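*Asks:* Hey, dropping my_file-v4.csv in here, CSV, C-alpha atoms:
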chain,number,residue,atom,x,y,z
A,29,MET,CA,-81.1,89.3,-83.5
A,30,VAL,CA,-82.8,87.5,-80.6
A,31,ILE,CA,-84.2,89.2,-77.5
A,32,GLY,CA,-81.4,87.9,-75.3
A,33,GLU,CA,-78.8,89.4,-77.6
A,34,VAL,CA,-80.6,92.8,-77.5
A,35,SER,CA,-80.6,92.8,-73.7
A,36,ARG,CA,-76.9,92.1,-73.5
A,37,LEU,CA,-76.3,95.2,-75.7
A,38,VAL,CA,-78.3,97.5,-73.4
A,39,PRO,CA,-75.9,99.0,-70.8
A,40,LYS,CA,-77.0,98.7,-67.1
A,41,PRO,CA,-78.1,102.0,-65.6
A,42,ALA,CA,-75.4,103.8,-63.7
A,43,TYR,CA,-77.2,103.5,-60.4
A,44,LEU,CA,-77.4,99.7,-60.7
A,45,ARG,CA,-73.7,99.4,-61.6
A,46,ILE,CA,-72.7,101.5,-58.6
A,47,ALA,CA,-75.1,99.5,-56.4
A,48,ASP,CA,-73.4,96.3,-57.7
A,49,GLU,CA,-70.0,97.6,-56.8
A,50,LEU,CA,-71.0,98.7,-53.3
A,51,ARG,CA,-72.8,95.4,-52.7
A,52,ARG,CA,-69.6,93.5,-53.6
A,53,GLY,CA,-67.7,95.7,-51.1
A,54,ILE,CA,-70.2,94.9,-48.4
A,55,ARG,CA,-70.1,91.2,-49.1
A,56,ASP,CA,-66.3,90.9,-49.3
A,57,GLY,CA,-65.8,92.9,-46.1
A,58,SER,CA,-64.4,96.1,-47.7
A,59,TYR,CA,-67.3,97.8,-46.0
A,60,PRO,CA,-67.7,95.9,-42.7
A,61,PRO,CA,-70.9,95.7,-40.6
A,62,GLY,CA,-71.4,99.0,-38.7
A,63,GLY,CA,-69.0,100.8,-41.0
A,64,ARG,CA,-69.9,103.8,-43.1
A,65,LEU,CA,-70.0,103.9,-46.9
A,66,PRO,CA,-68.2,106.8,-48.6
A,67,THR,CA,-70.2,110.0,-48.6
A,68,ILE,CA,-72.6,110.7,-51.4
A,69,ALA,CA,-70.4,113.5,-52.6
A,70,THR,CA,-67.3,111.2,-52.6
A,71,LEU,CA,-69.1,108.5,-54.5
A,72,SER,CA,-70.5,111.1,-56.9
A,73,THR,CA,-67.0,112.3,-57.7
A,74,ALA,CA,-65.5,108.8,-57.9
A,75,HIS,CA,-68.1,107.6,-60.4
A,76,SER,CA,-68.6,110.9,-62.3
A,77,VAL,CA,-72.3,110.9,-61.8
A,78,SER,CA,-74.8,113.2,-60.1
A,79,GLU,CA,-75.7,112.8,-56.4
A,80,ILE,CA,-79.2,111.8,-57.5
A,81,VAL,CA,-77.7,108.7,-59.1
A,82,ILE,CA,-75.8,107.8,-56.0
A,83,ARG,CA,-78.9,108.2,-53.9
A,84,GLN,CA,-80.7,105.8,-56.2
A,85,ALA,CA,-77.9,103.3,-55.8
A,86,ILE,CA,-78.1,103.5,-52.0
A,87,ALA,CA,-81.9,103.2,-52.1
A,88,VAL,CA,-81.4,99.8,-53.9
A,89,LEU,CA,-79.1,98.6,-51.1
A,90,ARG,CA,-81.4,99.9,-48.4
A,91,GLY,CA,-84.3,98.1,-50.1
A,92,GLU,CA,-82.2,94.9,-49.9
A,93,GLY,CA,-81.6,95.4,-46.2
A,94,LEU,CA,-77.9,95.8,-46.6
A,95,VAL,CA,-77.5,99.4,-45.4
A,96,GLU,CA,-79.4,101.9,-43.3
A,97,THR,CA,-79.3,105.7,-43.5
A,98,ARG,CA,-78.9,107.6,-40.3
A,99,ARG,CA,-79.7,111.2,-39.9
A,100,GLY,CA,-76.4,113.0,-39.5
A,101,GLY,CA,-74.5,109.7,-39.6
A,102,GLY,CA,-74.4,108.9,-43.3
A,103,THR,CA,-75.1,105.4,-44.8
A,104,VAL,CA,-74.0,102.5,-42.5
A,105,VAL,CA,-73.7,98.8,-43.4
A,106,ARG,CA,-76.2,96.9,-41.3
A,107,ILE,CA,-75.0,94.7,-38.5
A,108,ARG,CA,-76.4,91.3,-39.1
A,109,PRO,CA,-78.2,90.0,-36.0
A,110,PRO,CA,-77.4,86.5,-34.7
A,111,VAL,CA,-79.3,83.8,-36.5
A,112,ARG,CA,-81.6,81.7,-34.5
A,113,ARG,CA,-81.9,78.1,-35.6
A,114,VAL,CA,-85.4,76.6,-35.1
A,115,ALA,CA,-85.7,72.8,-35.3
A,116,MET,CA,-88.8,70.7,-35.7
A,117,ASP,CA,-88.3,69.0,-32.3
A,118,ARG,CA,-88.0,72.3,-30.4
A,119,TYR,CA,-91.3,71.7,-28.5
A,120,ARG,CA,-89.8,68.7,-26.8
A,121,VAL,CA,-87.9,71.1,-24.5
A,122,GLU,CA,-91.3,72.2,-23.1
A,123,THR,CA,-92.8,68.7,-22.7
A,124,GLN,CA,-90.0,67.2,-20.7
A,125,PRO,CA,-89.3,67.8,-17.0
A,126,LEU,CA,-87.5,71.1,-16.5
A,127,THR,CA,-84.5,71.4,-14.2
A,128,VAL,CA,-84.4,75.1,-14.7
A,129,PRO,CA,-87.1,77.5,-16.1
A,130,ALA,CA,-87.0,77.4,-19.9
A,131,THR,CA,-89.1,77.5,-23.0
A,132,SER,CA,-88.4,76.6,-26.7
A,133,PHE,CA,-87.7,80.3,-27.2
A,134,THR,CA,-85.0,80.5,-24.5
A,135,HIS,CA,-83.6,77.3,-25.7
A,136,ASP,CA,-83.4,78.5,-29.3
A,137,GLN,CA,-81.9,81.9,-28.2
A,138,ARG,CA,-79.5,80.2,-25.8
A,139,ILE,CA,-80.5,82.6,-23.0
A,140,THR,CA,-81.2,82.2,-19.4
A,141,TRP,CA,-84.6,82.8,-17.8
A,142,SER,CA,-83.3,86.2,-16.4
A,143,ASP,CA,-82.5,87.3,-20.0
A,144,TYR,CA,-86.0,86.5,-21.2
A,145,ARG,CA,-88.9,89.0,-21.2
A,146,LEU,CA,-92.5,89.0,-22.5
A,147,ASP,CA,-94.7,91.9,-23.3
A,148,ARG,CA,-98.3,90.6,-23.4
A,149,VAL,CA,-101.9,91.8,-24.1
A,150,TYR,CA,-104.8,89.6,-23.3
A,151,ARG,CA,-108.5,89.9,-24.5
A,152,ARG,CA,-111.5,87.8,-25.3
A,153,VAL,CA,-112.6,87.6,-28.9
A,154,ARG,CA,-115.0,85.7,-31.1
A,155,ALA,CA,-113.5,83.3,-33.7
A,156,ASP,CA,-113.8,84.6,-37.2
A,157,ALA,CA,-114.3,82.2,-40.1
A,158,ASP,CA,-110.5,81.5,-40.5
A,159,LEU,CA,-109.9,80.9,-36.8
A,160,ALA,CA,-113.0,78.8,-36.5
A,161,ALA,CA,-111.7,76.6,-39.4
A,162,LEU,CA,-108.3,76.2,-37.8
A,163,PHE,CA,-109.9,75.3,-34.5
A,164,GLU,CA,-112.5,73.1,-36.2
A,165,LEU,CA,-115.1,75.0,-34.1
A,166,PRO,CA,-118.2,77.1,-35.1
A,167,PRO,CA,-117.6,80.7,-36.0
A,168,GLY,CA,-118.2,83.0,-33.1
A,169,THR,CA,-116.8,80.6,-30.5
A,170,LEU,CA,-115.3,82.6,-27.6
A,171,LEU,CA,-111.5,82.6,-27.5
A,172,LEU,CA,-108.7,84.1,-25.4
A,173,ARG,CA,-106.4,86.1,-27.6
A,174,ARG,CA,-102.9,86.6,-26.3
A,175,ARG,CA,-100.4,88.9,-28.1
A,176,PHE,CA,-96.8,88.4,-27.0
A,177,VAL,CA,-93.6,90.2,-27.9
A,178,PHE,CA,-90.6,88.1,-27.0
A,179,TYR,CA,-87.3,89.7,-25.9
A,180,ALA,CA,-83.9,88.2,-25.6
A,181,LYS,CA,-81.4,90.3,-23.6
A,182,GLY,CA,-83.6,93.3,-24.1
A,183,GLU,CA,-84.0,93.0,-27.9
A,184,PRO,CA,-87.4,92.2,-29.4
A,185,GLN,CA,-87.1,89.0,-31.5
A,186,GLN,CA,-90.5,87.6,-32.1
A,187,ILE,CA,-94.3,88.4,-32.1
A,188,SER,CA,-96.7,85.7,-31.3
A,189,ILE,CA,-100.5,86.0,-31.5
A,190,ASN,CA,-101.9,83.0,-29.7
A,191,TYR,CA,-105.5,81.8,-29.3
A,192,LEU,CA,-107.0,79.3,-26.7
A,193,PRO,CA,-110.6,78.2,-26.3
A,194,TRP,CA,-112.2,80.3,-23.6
A,195,ASP,CA,-114.1,77.3,-22.2
A,196,VAL,CA,-110.7,75.6,-21.4
A,197,VAL,CA,-108.9,78.6,-19.9
A,198,ALA,CA,-111.6,80.7,-18.2
A,199,GLU,CA,-111.0,81.3,-14.5
A,200,THR,CA,-107.6,79.6,-14.6
A,201,PRO,CA,-104.0,80.9,-14.1
A,202,VAL,CA,-103.4,80.5,-17.9
A,203,ALA,CA,-105.8,83.4,-18.5
A,204,ASP,CA,-103.9,85.6,-16.1
A,205,PRO,CA,-101.2,87.7,-17.9
A,206,ALA,CA,-99.5,88.3,-14.6
A,207,ARG,CA,-98.4,84.6,-14.6
A,208,GLU,CA,-96.3,85.1,-17.7
A,209,PRO,CA,-93.7,84.1,-18.6
A,210,TRP,CA,-94.7,80.5,-17.8
A,211,PRO,CA,-91.9,77.9,-17.7
A,212,GLY,CA,-92.5,75.4,-20.4
A,213,GLY,CA,-94.7,77.9,-22.4
A,214,THR,CA,-98.0,76.9,-24.0
A,215,PRO,CA,-97.3,73.1,-23.9
A,216,ALA,CA,-96.8,73.3,-20.2
A,217,GLN,CA,-99.9,75.4,-19.7
A,218,LEU,CA,-102.1,72.9,-21.7
A,219,ALA,CA,-100.6,70.1,-19.6
A,220,TYR,CA,-101.4,72.0,-16.4
A,221,LEU,CA,-105.0,72.3,-17.7
A,222,GLY,CA,-105.2,68.5,-18.2
A,223,HIS,CA,-104.7,68.6,-22.0
A,224,PRO,CA,-101.1,67.7,-22.7
A,225,PRO,CA,-100.2,68.3,-26.3
A,226,THR,CA,-99.8,65.3,-28.5
A,227,ARG,CA,-99.1,66.9,-31.9
A,228,VAL,CA,-98.1,70.2,-33.5
A,229,GLU,CA,-98.8,71.3,-37.0
A,230,GLU,CA,-97.1,74.3,-38.6
A,231,ALA,CA,-97.4,76.2,-41.9
A,232,VAL,CA,-94.6,78.6,-42.8
A,233,ARG,CA,-94.9,81.6,-45.1
A,234,ALA,CA,-92.9,84.7,-45.9
A,235,ARG,CA,-94.1,88.3,-46.5
A,236,MET,CA,-93.1,91.9,-45.9
A,237,PRO,CA,-93.8,93.2,-42.4
A,238,THR,CA,-96.5,95.7,-41.5
A,239,PRO,CA,-95.3,99.1,-40.3
A,240,GLU,CA,-96.3,98.1,-36.7
A,241,GLU,CA,-94.4,94.8,-36.9
A,242,SER,CA,-91.3,96.5,-38.3
A,243,GLU,CA,-91.4,99.1,-35.5
A,244,THR,CA,-92.0,96.6,-32.7
A,245,LEU,CA,-89.2,94.3,-33.9
A,246,ARG,CA,-86.8,97.2,-34.7
A,247,MET,CA,-86.4,96.1,-38.3
A,248,THR,CA,-84.8,98.0,-41.1
A,249,GLY,CA,-86.2,98.3,-44.6
A,250,GLY,CA,-86.1,95.6,-47.1
A,251,VAL,CA,-86.2,92.6,-44.7
A,252,PRO,CA,-89.2,90.2,-44.9
A,253,VAL,CA,-90.7,88.3,-42.0
A,254,VAL,CA,-91.3,84.6,-41.6
A,255,THR,CA,-94.7,83.8,-40.3
A,256,ILE,CA,-95.6,80.4,-38.8
A,257,THR,CA,-99.2,79.4,-38.3
A,258,ARG,CA,-99.3,76.8,-35.6
A,259,ARG,CA,-102.0,74.4,-34.4
A,260,MET,CA,-101.4,72.4,-31.1
A,261,PHE,CA,-103.5,69.3,-30.6
A,262,SER,CA,-104.3,67.3,-27.5
A,263,GLY,CA,-105.7,64.0,-28.9
A,264,ASP,CA,-108.1,64.9,-31.6
A,265,ARG,CA,-108.9,68.4,-30.3
A,266,VAL,CA,-107.2,71.6,-31.4
A,267,LEU,CA,-106.3,73.4,-28.1
A,268,GLU,CA,-104.2,76.2,-29.4
A,269,VAL,CA,-103.8,78.2,-32.6
A,270,CYS,CA,-101.0,80.7,-33.2
A,271,ARG,CA,-101.9,83.1,-36.1
A,272,ASP,CA,-99.1,83.9,-36.4
A,273,ILE,CA,-95.6,83.6,-35.0
A,274,ILE,CA,-93.7,86.5,-36.7
A,275,ILE,CA,-89.9,86.5,-36.9
A,276,PRO,CA,-87.6,88.7,-39.1
A,277,ALA,CA,-86.3,86.5,-41.9
A,278,ASP,CA,-82.7,87.5,-41.4
A,279,ARG,CA,-82.8,86.2,-37.8
A,280,ILE,CA,-83.9,82.7,-38.3
A,281,VAL,CA,-83.0,79.4,-40.0
A,282,LEU,CA,-85.7,76.7,-40.1
A,283,ASP,CA,-84.1,73.3,-39.6
A,284,TYR,CA,-86.2,70.3,-40.7
A,285,SER,CA,-85.3,66.6,-40.8
A,286,ILE,CA,-87.3,63.7,-42.2
A,287,ASP,CA,-86.8,60.1,-41.2
A,288,LEU,CA,-87.2,57.8,-44.2
Let's see the structure in the file written out as structure tokens.
*Replies:*
Amino acid sequence: MVIGEVSRLVPKPAYLRIADELRRGIRDGSYPPGGRLPTIATLSTAHSVSEIVIRQAIAVLRGEGLVETRRGGGTVVRIRPPVRRVAMDRYRVETQPLTVPATSFTHDQRITWSDYRLDRVYRRVRADADLAALFELPPGTLLLRRRFVFYAKGEPQQISINYLPWDVVAETPVADPAREPWPGGTPAQLAYLGHPPTRVEEAVRARMPTPEESETLRMTGGVPVVTITRRMFSGDRVLEVCRDIIIPADRIVLDYSIDL
């Protein structure tokens, strides 16, 4: 007997079989977004198993980001947030003349300027070895660090930790947090400083969020984040590094096209 045959003979644990059944119900709409699953007692009776087994099954679904457990409210099927499509050419919105205030974020979210809000914290820092390599500058170079939380219609959607060379932004409006949000975003700020961007490089990764990121972005368990490390060039010089842009993975689709 081969290993594959042995594995087929071993029955799946009860909690996984129940999780499979509940997952199918969620996906086919039997349990719609925002709706409650049957109570633990009801599921326990229906499947002739202990409540501990049902709790294990629900924990599997919670870890997959399909449900959330609310105190006093039972287990609820998660409402999927609207998906934001992010295209390679999104920065062109910020490098063209604006007829109304906008950024690539407001464009992607399809919101007006009045629906857009930024929380921001500014401070000066010294470049560590990784940042120095990204900027192609010596370690210890003075930078302006800007941490933004982006909101669309009052809901937090994205965290961005952005660095600019202090020798470029010192004593300018770009270093003033009161000037945010700035129409045209960082590309417009660099153009204002006399360094219009000519190229953008991005590296995309995925990981689980930190507790602080999860709380800030109002995420539920089991959902990873997409992180985008960005470098913005003006000519041959790196004028901005984002380490990182952080977006919940269930709220974004990255669209890429390649001309051949």
*Asks:* Find the residues with any atom within 12 Å of (-73.0, 92.5, -38.9); use all atoms listed in the file and the coordinates as given in the file, and write the answer as a tab-separated table (two decimals) with C-alpha atoms, keeping the file's coordinate frame.
*Replies:*
chain	number	residue	atom	x	y	z
A	54	ILE	CA	-70.20	94.90	-48.40
A	55	ARG	CA	-70.10	91.20	-49.10
A	57	GLY	CA	-65.80	92.90	-46.10
A	59	TYR	CA	-67.30	97.80	-46.00
A	60	PRO	CA	-67.70	95.90	-42.70
A	61	PRO	CA	-70.90	95.70	-40.60
A	62	GLY	CA	-71.40	99.00	-38.70
A	63	GLY	CA	-69.00	100.80	-41.00
A	93	GLY	CA	-81.60	95.40	-46.20
A	94	LEU	CA	-77.90	95.80	-46.60
A	95	VAL	CA	-77.50	99.40	-45.40
A	104	VAL	CA	-74.00	102.50	-42.50
A	105	VAL	CA	-73.70	98.80	-43.40
A	106	ARG	CA	-76.20	96.90	-41.30
A	107	ILE	CA	-75.00	94.70	-38.50
A	108	ARG	CA	-76.40	91.30	-39.10
A	109	PRO	CA	-78.20	90.00	-36.00
A	110	PRO	CA	-77.40	86.50	-34.70
A	111	VAL	CA	-79.30	83.80	-36.50
A	278	ASP	CA	-82.70	87.50	-41.40
A	279	ARG	CA	-82.80	86.20	-37.80
*Asks:* Distance atom CA of A:Glu96-atom CA of A:Thr248, one decimal place?
*Replies:*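 Distance reported for this atom pair: 7.0 Å.
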*Asks:* Might you pull out every residue within 8 Å of A:Pro252, with all atoms listed in the file counted and same-chain residues fewer than 5 positions away left off, and present them as a PyMOL selection string?
*Replies:* chain A and resi 234-237+276-278
*Asks:* Restricting the calculation to all atoms listed in the file: of A:Arg246, A:His223, A:Arg90, A:Arg120, which residue gets closest to A:Gln186?
*Replies:*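 Answer, going by the shortest atom-to-atom distance: A:Arg246.
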*Asks:* Which polymer residues have any atom within 8 Å of an atom of A:Gln137, counting only C-alpha atoms, with same-chain residues fewer than 2 positions away left out, as a VMD selection string?
*Replies:* chain A and resid 112 133 to 135 139 180
*Asks:* For A:Val77, which residue among A:Arg233, A:Arg145, A:Arg45, A:Arg173 is the nearest when counting all atoms listed in the file?
*Replies:* A:Arg45
*Asks:* For stretch 66-70 of chain A, work out the shell of residues within 9 Å, counting all atoms listed in the file and skipping chain neighbours fewer than 5 positions away, then give it as a count of residues only.
*Replies:* 7
*Asks:* Between A:Asp156, A:Pro225, A:Glu164, A:Arg118, which one has atoms that come closest to A:Leu282, using all atoms listed in the file?
*Replies:* A:Arg118
*Asks:* Show which residues sit within 10 Å of A:Leu159, as number ranges by chain. Count all atoms listed in the file, and ignore same-chain residues fewer than 2 positions away.
*Replies:* A: 154-157, 161-169, 171, 191, 269-271
*Asks:* For each of A:Val266, A:Leu146, A:Ile46, A:Val228, take the minimum atom-to-atom distance to A:Lys181, counting all atoms listed in the file, then give the residue where this is smallest.
*Replies:*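 Closest residue, counting all atoms listed in the file: A:Leu146.
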*Asks:* Which residues are near A:Trp194? Cut-off 8 Å, only C-alpha atoms, ignore same chain within fewer than 6 positions. Put them as a list in words.
*Replies:*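 Surrounding residues, per the criterion: Arg152, Leu170, Leu171 and Leu172 of chain A.
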*Asks:* Generate a file of the selected residues that holds C-alpha atoms, formatted as a PDB file, in the frame of the given file.
*Replies:*
ATOM      1  CA  ARG A 152    -111.500  87.800 -25.300  1.00  0.00           C
ATOM      2  CA  LEU A 170    -115.300  82.600 -27.600  1.00  0.00           C
ATOM      3  CA  LEU A 171    -111.500  82.600 -27.500  1.00  0.00           C
ATOM      4  CA  LEU A 172    -108.700  84.100 -25.400  1.00  0.00           C
TER       5      LEU A 172
END
*Asks:* Find the residue from A:Leu192, A:Ala219, A:Leu44, A:Ile274 that sits nearest to A:Glu240; use only C-alpha atoms when measuring.
*Replies:*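 The answer is A:Ile274, which sits nearest to A:Glu240.
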*Asks:* Nearest residue to A:Val88 out of A:Glu122, A:Glu241, A:Asp204, A:Asp48, using all atoms listed in the file?
*Replies:*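 Once distances to A:Val88 are computed over all atoms listed in the file, the minimum belongs to A:Asp48.
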